[in-house]
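Asks: Just run_12.cif, nothing more (mmCIF, C-alpha atoms):
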data_final
loop_
_atom_site.group_PDB
_atom_site.id
_atom_site.type_symbol
_atom_site.label_atom_id
_atom_site.label_comp_id
_atom_site.auth_asym_id
_atom_site.auth_seq_id
_atom_site.Cartn_x
_atom_site.Cartn_y
_atom_site.Cartn_z
ATOM 1 C CA MET I 1341 -13.894 15.185 -21.059
ATOM 2 C CA ALA I 1342 -13.001 15.881 -17.449
ATOM 3 C CA ASN I 1343 -15.525 15.325 -14.709
ATOM 4 C CA SER I 1344 -15.555 16.797 -11.236
ATOM 5 C CA LEU I 1345 -15.266 13.913 -8.772
ATOM 6 C CA LYS I 1346 -14.805 13.542 -5.052
ATOM 7 C CA ILE I 1347 -12.602 10.746 -3.772
ATOM 8 C CA LYS I 1348 -11.530 9.895 -0.235
ATOM 9 C CA VAL I 1349 -7.795 9.309 0.045
ATOM 10 C CA ASN I 1350 -5.948 8.760 3.318
ATOM 11 C CA GLY I 1351 -8.939 9.977 5.298
ATOM 12 C CA LEU I 1352 -9.426 13.227 3.383
ATOM 13 C CA THR I 1353 -11.979 13.977 0.676
ATOM 14 C CA HIS I 1354 -10.497 15.550 -2.429
ATOM 15 C CA GLY I 1355 -12.155 17.153 -5.414
ATOM 16 C CA VAL I 1356 -10.488 15.966 -8.613
ATOM 17 C CA SER I 1357 -11.034 16.663 -12.280
ATOM 18 C CA ALA I 1358 -10.630 13.607 -14.479
ATOM 19 C CA SER I 1359 -12.378 11.476 -17.054
ATOM 20 C CA LEU I 1360 -14.278 8.632 -15.419
ATOM 21 C CA ASP I 1361 -12.013 6.057 -17.054
ATOM 22 C CA THR I 1362 -8.753 7.715 -15.950
ATOM 23 C CA PRO I 1363 -6.669 5.229 -13.966
ATOM 24 C CA LEU I 1364 -6.732 5.983 -10.248
ATOM 25 C CA LEU I 1365 -2.922 5.929 -10.236
ATOM 26 C CA TYR I 1366 -2.792 8.962 -12.527
ATOM 27 C CA VAL I 1367 -5.171 10.921 -10.308
ATOM 28 C CA LEU I 1368 -3.227 10.014 -7.159
ATOM 29 C CA HIS I 1369 0.085 10.987 -8.717
ATOM 30 C CA ASN I 1370 -0.786 13.897 -10.993
ATOM 31 C CA GLU I 1371 -3.569 15.638 -9.086
ATOM 32 C CA LEU I 1372 -2.971 14.688 -5.456
ATOM 33 C CA HIS I 1373 0.834 14.490 -5.729
ATOM 34 C CA LEU I 1374 1.070 11.204 -3.855
ATOM 35 C CA HIS I 1375 4.174 9.298 -4.855
ATOM 36 C CA GLY I 1376 3.805 6.049 -2.910
ATOM 37 C CA PRO I 1377 1.916 4.231 -5.667
ATOM 38 C CA ARG I 1378 4.130 3.956 -8.722
ATOM 39 C CA PHE I 1379 3.680 3.141 -12.357
ATOM 40 C CA GLY I 1380 5.394 -0.170 -12.986
ATOM 41 C CA CYS I 1381 3.845 -2.148 -15.803
ATOM 42 C CA GLY I 1382 0.441 -0.539 -16.382
ATOM 43 C CA LEU I 1383 -1.097 -4.020 -16.627
ATOM 44 C CA ALA I 1384 -1.716 -4.888 -12.941
ATOM 45 C CA GLN I 1385 1.060 -7.478 -13.111
ATOM 46 C CA CYS I 1386 3.815 -6.069 -10.875
ATOM 47 C CA GLY I 1387 2.050 -4.466 -7.894
ATOM 48 C CA ALA I 1388 4.044 -1.213 -7.762
ATOM 49 C CA CYS I 1389 0.806 0.778 -8.067
ATOM 50 C CA SER I 1390 -1.042 -0.993 -5.243
ATOM 51 C CA VAL I 1391 -3.325 0.882 -2.865
ATOM 52 C CA LEU I 1392 -5.915 -0.246 -0.353
ATOM 53 C CA LEU I 1393 -9.533 0.247 -1.376
ATOM 54 C CA ASP I 1394 -11.758 -0.168 1.670
ATOM 55 C CA GLY I 1395 -8.860 -2.098 3.210
ATOM 56 C CA LYS I 1396 -8.246 -4.490 0.316
ATOM 57 C CA GLU I 1397 -5.281 -4.269 -2.050
ATOM 58 C CA ILE I 1398 -6.045 -3.243 -5.626
ATOM 59 C CA ARG I 1399 -3.930 -2.219 -8.587
ATOM 60 C CA SER I 1400 -4.519 1.470 -9.198
ATOM 61 C CA CYS I 1401 -3.031 1.423 -12.708
ATOM 62 C CA VAL I 1402 -6.068 -0.455 -14.054
ATOM 63 C CA THR I 1403 -8.760 0.846 -11.684
ATOM 64 C CA PRO I 1404 -10.795 3.670 -13.201
ATOM 65 C CA VAL I 1405 -11.245 6.600 -10.862
ATOM 66 C CA ALA I 1406 -15.034 6.246 -11.247
ATOM 67 C CA ALA I 1407 -14.829 2.841 -9.519
ATOM 68 C CA VAL I 1408 -13.616 4.336 -6.228
ATOM 69 C CA SER I 1409 -16.449 6.782 -5.649
ATOM 70 C CA GLY I 1410 -17.796 6.453 -2.128
ATOM 71 C CA LYS I 1411 -14.919 4.212 -1.055
ATOM 72 C CA SER I 1412 -11.857 4.817 1.051
ATOM 73 C CA ILE I 1413 -8.412 4.711 -0.559
ATOM 74 C CA THR I 1414 -5.231 4.288 1.471
ATOM 75 C CA THR I 1415 -1.831 4.852 -0.075
ATOM 76 C CA LEU I 1416 1.594 4.232 1.406
ATOM 77 C CA GLU I 1417 1.481 7.762 2.807
ATOM 78 C CA GLY I 1418 -1.722 6.935 4.704
ATOM 79 C CA LEU I 1419 -0.618 3.669 6.340
ATOM 80 C CA PRO I 1420 0.304 5.246 9.721
ATOM 81 C CA ALA I 1421 -3.107 6.917 10.035
ATOM 82 C CA LEU I 1422 -4.861 3.706 8.976
ATOM 83 C CA TYR I 1423 -2.946 1.750 11.625
ATOM 84 C CA ALA I 1424 -3.818 4.343 14.275
ATOM 85 C CA ALA I 1425 -7.495 4.189 13.292
ATOM 86 C CA GLN I 1426 -7.486 0.369 13.343
ATOM 87 C CA ARG I 1427 -5.953 0.419 16.837
ATOM 88 C CA GLY I 1428 -8.103 3.268 18.165
ATOM 89 C CA ILE I 1429 -5.025 5.425 18.748
ATOM 90 C CA THR I 1430 -6.142 9.028 18.943
ATOM 91 C CA ALA I 1431 -3.191 10.627 20.718
ATOM 92 C CA ASN I 1432 0.465 10.057 19.893
ATOM 93 C CA ALA I 1433 -0.271 8.281 16.623
ATOM 94 C CA PRO I 1434 2.832 6.615 15.192
ATOM 95 C CA ALA I 1435 4.790 8.417 12.499
ATOM 96 C CA LEU I 1436 5.221 5.105 10.675
ATOM 97 C CA HIS I 1437 3.130 1.973 10.297
ATOM 98 C CA PRO I 1438 4.881 -1.029 11.895
ATOM 99 C CA LEU I 1439 5.490 -2.335 8.370
ATOM 100 C CA GLN I 1440 7.251 0.851 7.377
ATOM 101 C CA GLN I 1441 9.405 0.714 10.511
ATOM 102 C CA ALA I 1442 10.200 -2.962 9.906
ATOM 103 C CA TRP I 1443 11.196 -2.129 6.322
ATOM 104 C CA ILE I 1444 13.700 0.368 7.723
ATOM 105 C CA ASP I 1445 14.924 -1.924 10.509
ATOM 106 C CA VAL I 1446 15.492 -4.863 8.165
ATOM 107 C CA GLN I 1447 16.832 -2.575 5.414
ATOM 108 C CA VAL I 1448 14.551 -4.159 2.832
ATOM 109 C CA PRO I 1449 14.838 -1.857 -0.196
ATOM 110 C CA HIS I 1450 17.511 -2.180 -2.772
ATOM 111 C CA CYS I 1451 16.220 0.117 -5.498
ATOM 112 C CA GLY I 1452 12.928 0.578 -3.635
ATOM 113 C CA TYR I 1453 10.664 0.716 -6.662
ATOM 114 C CA CYS I 1454 8.448 -2.208 -5.639
ATOM 115 C CA GLN I 1455 8.293 -1.378 -1.949
ATOM 116 C CA ASN I 1456 5.023 0.557 -2.087
ATOM 117 C CA GLY I 1457 3.137 -2.430 -3.414
ATOM 118 C CA MET I 1458 4.887 -4.833 -1.092
ATOM 119 C CA MET I 1459 3.936 -2.835 2.010
ATOM 120 C CA ILE I 1460 0.377 -2.263 0.809
ATOM 121 C CA GLN I 1461 -0.137 -5.995 0.200
ATOM 122 C CA ALA I 1462 1.481 -6.823 3.546
ATOM 123 C CA ALA I 1463 -0.848 -4.344 5.294
ATOM 124 C CA ASP I 1464 -3.823 -6.104 3.694
ATOM 125 C CA LEU I 1465 -2.483 -9.463 4.883
ATOM 126 C CA LEU I 1466 -1.779 -8.320 8.450
ATOM 127 C CA ALA I 1467 -5.219 -6.722 8.755
ATOM 128 C CA THR I 1468 -6.789 -10.178 8.453
ATOM 129 C CA THR I 1469 -4.016 -12.569 9.505
ATOM 130 C CA LYS I 1470 -2.400 -11.508 12.766
ATOM 131 C CA ASN I 1471 0.424 -14.048 12.841
ATOM 132 C CA PRO I 1472 0.920 -15.279 9.276
ATOM 133 C CA SER I 1473 3.088 -18.282 8.572
ATOM 134 C CA GLU I 1474 5.909 -18.068 6.056
ATOM 135 C CA ASP I 1475 3.708 -19.876 3.524
ATOM 136 C CA GLN I 1476 0.822 -17.452 4.108
ATOM 137 C CA ILE I 1477 3.163 -14.507 3.562
ATOM 138 C CA ARG I 1478 4.608 -16.021 0.391
ATOM 139 C CA THR I 1479 1.112 -16.726 -0.952
ATOM 140 C CA ALA I 1480 -0.118 -13.206 -0.147
ATOM 141 C CA MET I 1481 2.925 -11.603 -1.735
ATOM 142 C CA ASN I 1482 2.658 -13.695 -4.890
ATOM 143 C CA GLY I 1483 2.106 -11.344 -7.806
ATOM 144 C CA HIS I 1484 4.259 -8.547 -6.393
ATOM 145 C CA LEU I 1485 7.519 -8.359 -8.271
ATOM 146 C CA CYS I 1486 10.874 -7.260 -6.895
ATOM 147 C CA ARG I 1487 13.516 -7.108 -9.589
ATOM 148 C CA CYS I 1488 16.285 -6.711 -7.002
ATOM 149 C CA GLY I 1489 15.344 -9.971 -5.279
ATOM 150 C CA THR I 1490 14.879 -8.663 -1.744
ATOM 151 C CA TYR I 1491 12.196 -11.283 -1.048
ATOM 152 C CA PRO I 1492 13.990 -12.798 1.996
ATOM 153 C CA ARG I 1493 14.213 -9.365 3.649
ATOM 154 C CA ILE I 1494 10.577 -8.625 2.743
ATOM 155 C CA LEU I 1495 9.529 -11.860 4.447
ATOM 156 C CA THR I 1496 11.588 -10.995 7.543
ATOM 157 C CA ALA I 1497 10.157 -7.472 7.696
ATOM 158 C CA ILE I 1498 6.563 -8.729 7.485
ATOM 159 C CA GLN I 1499 7.225 -11.226 10.283
ATOM 160 C CA LYS I 1500 8.816 -8.469 12.385
ATOM 161 C CA ALA I 1501 5.877 -6.108 11.810
ATOM 162 C CA ALA I 1502 3.396 -8.896 12.665
ATOM 163 C CA ALA I 1503 5.202 -9.485 15.959
ATOM 164 C CA VAL I 1504 5.147 -5.776 16.813
ATOM 165 C CA MET I 1505 1.479 -5.496 15.901
ATOM 166 C CA ALA I 1506 0.593 -8.588 17.949
ATOM 167 C CA LYS I 1507 2.107 -6.881 21.005
ATOM 168 C CA GLY I 1508 0.036 -3.790 20.266
ATOM 169 C CA GLY I 1509 3.074 -1.695 19.470
ATOM 170 C CA ALA I 1510 3.709 0.923 16.886
#
Render the structure in this file as structure tokens.
Replies:
Amino acid sequence: MANSLKIKVNGLTHGVSASLDTPLLYVLHNELHLHGPRFGCGLAQCGACSVLLDGKEIRSCVTPVAAVSGKSITTLEGLPALYAAQRGITANAPALHPLQQAWIDVQVPHCGYCQNGMMIQAADLLATTKNPSEDQIRTAMNGHLCRCGTYPRILTAIQKAAAVMAKGGA
């Protein structure tokens, strides 16, 4: 039985029609047509489906849509706006979050399937740890799987984004 729900995603409130136990990932993908979060394992083991819920990384494949009522969800598509809001940037907001730009600069993706979850987790880390050490990055990224093995480039990209963010850049 579908219910009429309101959820806040990337700063906008959306009316959705879903059963209360429907995984958030399905609502984001099927109703809101957001393709950053991806179905990987369906068991919260790989991280491909990660989103930020009130700024903290969660696995949307196992989070029922009813659990996000009254909370703010940020997907990969919403990272630039989140960064602008965190920095108080109202004019000339960046088109990309520094993590997204670093991913491009370092040429992180191989197949790209895991990259959503990697960037979401990295955004969570950098929101609380301004200049993370290599060990802090490795610990934070533990539990996010990359079958192509681009971990060294992911580490480099996170360090690059942290440096840009520390300088106040976009």
Asks: Here's the selection I'm unsure about, the PyMOL selection byres ((chain I and resi 1382) around 12); applied to the file above, which residues does it give, as a list in words?
Replies: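 With the shown file as input, the PyMOL selection byres ((chain I and resi 1382) around 12) matches Pro1363, Leu1364, Leu1365, Tyr1366, Pro1377, Arg1378, Phe1379, Gly1380, Cys1381, Leu1383, Ala1384, Gln1385, Cys1386, Gly1387, Ala1388, Cys1389, Ser1390, Arg1399, Ser1400, Cys1401, Val1402 and Thr1403 of chain I.
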Asks: Taking only residues of range 1377-1477 of chain I that have an atom at most 12 Å from an atom of range 1482-1495 of chain I, what is each one's shortest atom pair and its distance in Å to one decimal, using all atoms listed in the file, in chain and number order, as a tab-separated table?
Replies:
residue	atom	partner	partner_atom	distance
I:Gly1380	CA	I:Leu1485	CA	9.7
I:Cys1381	CA	I:Leu1485	CA	10.4
I:Leu1383	CA	I:Gly1483	CA	11.9
I:Ala1384	CA	I:Gly1483	CA	9.1
I:Gln1385	CA	I:Gly1483	CA	6.6
I:Cys1386	CA	I:Leu1485	CA	5.1
I:Gly1387	CA	I:His1484	CA	4.9
I:Ala1388	CA	I:His1484	CA	7.5
I:Cys1389	CA	I:His1484	CA	10.1
I:Ser1390	CA	I:His1484	CA	9.3
I:Glu1397	CA	I:His1484	CA	11.3
I:Ile1398	CA	I:His1484	CA	11.6
I:Arg1399	CA	I:His1484	CA	10.6
I:Leu1439	CA	I:Ile1494	CA	9.9
I:Gln1440	CA	I:Ile1494	CA	11.1
I:Ala1442	CA	I:Ile1494	CA	9.1
I:Trp1443	CA	I:Ile1494	CA	7.4
I:Ile1444	CA	I:Arg1493	CA	10.6
I:Asp1445	CA	I:Arg1493	CA	10.1
I:Val1446	CA	I:Arg1493	CA	6.5
I:Gln1447	CA	I:Arg1493	CA	7.5
I:Val1448	CA	I:Arg1493	CA	5.3
I:Pro1449	CA	I:Thr1490	CA	7.0
I:His1450	CA	I:Cys1488	CA	6.3
I:Cys1451	CA	I:Cys1488	CA	7.0
I:Gly1452	CA	I:Cys1488	CA	8.7
I:Tyr1453	CA	I:Cys1486	CA	8.0
I:Cys1454	CA	I:Cys1486	CA	5.7
I:Gln1455	CA	I:Cys1486	CA	8.1
I:Asn1456	CA	I:His1484	CA	10.1
I:Gly1457	CA	I:His1484	CA	6.9
I:Met1458	CA	I:His1484	CA	6.5
I:Met1459	CA	I:Ile1494	CA	8.8
I:Ile1460	CA	I:His1484	CA	10.3
I:Gln1461	CA	I:His1484	CA	8.3
I:Ala1462	CA	I:Ile1494	CA	9.3
I:Leu1465	CA	I:Asn1482	CA	11.8
I:Pro1472	CA	I:Leu1495	CA	10.4
I:Ser1473	CA	I:Leu1495	CA	10.0
I:Glu1474	CA	I:Leu1495	CA	7.4
I:Asp1475	CA	I:Leu1495	CA	9.9
I:Gln1476	CA	I:Asn1482	CA	9.9
I:Ile1477	CA	I:Leu1495	CA	7.0
Asks: Which one of I:Thr1430, I:Gly1418, I:Lys1396, I:Ala1406 sits closest to Leu1466 in chain I if you count only C-alpha atoms?
Replies: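 Among I:Thr1430, I:Gly1418, I:Lys1396, I:Ala1406, it is I:Lys1396 that comes nearest to Leu1466 in chain I.
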Asks: As AutoDock Vina command-line options, please: the centre and edge lengths in Å, to one decimal, of an axis-aligned box enclosing every listed atom of range 1471-1485 of chain I with 8 Å added on each side.
Replies:
--center_x 3.7 --center_y -14.1 --center_z 2.3 --size_x 23.6 --size_y 27.5 --size_z 37.1
Asks: Do you know which residues are at most 10 Å from Gly1410 in chain I counting all atoms listed in the file, after dropping those on the same chain fewer than 6 positions away, and could you put them as a ChimeraX atom specification?
Replies: /I:1346-1348,1353,1394
Asks: In terms of the shortest atom-to-atom distance over all atoms listed in the file, which of I:Ala1497, I:His1373, I:Met1481, I:Thr1469 is closest to Gln1441 in chain I?
Replies: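 Residue with the minimum atom-to-atom distance to Gln1441 in chain I: I:Ala1497.
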Asks: Give me the residues within 12 Å of Gln1426 in chain I as a PDB file with C-alpha atoms, in the coordinates of the input, counting only C-alpha atoms and dropping any in the same chain fewer than 4 places off.
Replies:
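See around_14.pdb below for the written result:
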ATOM      1  CA  GLY I1395      -8.860  -2.098   3.210  1.00  0.00           C
ATOM      2  CA  LEU I1419      -0.618   3.669   6.340  1.00  0.00           C
ATOM      3  CA  PRO I1420       0.304   5.246   9.721  1.00  0.00           C
ATOM      4  CA  ALA I1421      -3.107   6.917  10.035  1.00  0.00           C
ATOM      5  CA  LEU I1422      -4.861   3.706   8.976  1.00  0.00           C
ATOM      6  CA  THR I1430      -6.142   9.028  18.943  1.00  0.00           C
ATOM      7  CA  ALA I1433      -0.271   8.281  16.623  1.00  0.00           C
ATOM      8  CA  HIS I1437       3.130   1.973  10.297  1.00  0.00           C
ATOM      9  CA  ALA I1463      -0.848  -4.344   5.294  1.00  0.00           C
ATOM     10  CA  LEU I1466      -1.779  -8.320   8.450  1.00  0.00           C
ATOM     11  CA  ALA I1467      -5.219  -6.722   8.755  1.00  0.00           C
ATOM     12  CA  THR I1468      -6.789 -10.178   8.453  1.00  0.00           C
ATOM     13  CA  MET I1505       1.479  -5.496  15.901  1.00  0.00           C
ATOM     14  CA  GLY I1508       0.036  -3.790  20.266  1.00  0.00           C
ATOM     15  CA  ALA I1510       3.709   0.923  16.886  1.00  0.00           C
TER      16      ALA I1510
END
Asks: Check the smallest atom-to-atom distance from each of I:Leu1436, I:Ala1480, I:Ala1342, I:Leu1352 to Ala1501 in chain I using all atoms listed in the file, then report the winner.
Replies: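 Closest to Ala1501 in chain I of all the choices is I:Leu1436.
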Asks: One decimal, Å: what's the distance from CA of Ala1424 in chain I over to CA of Ile1498 in chain I, could you say?
Replies: 18.0 Å
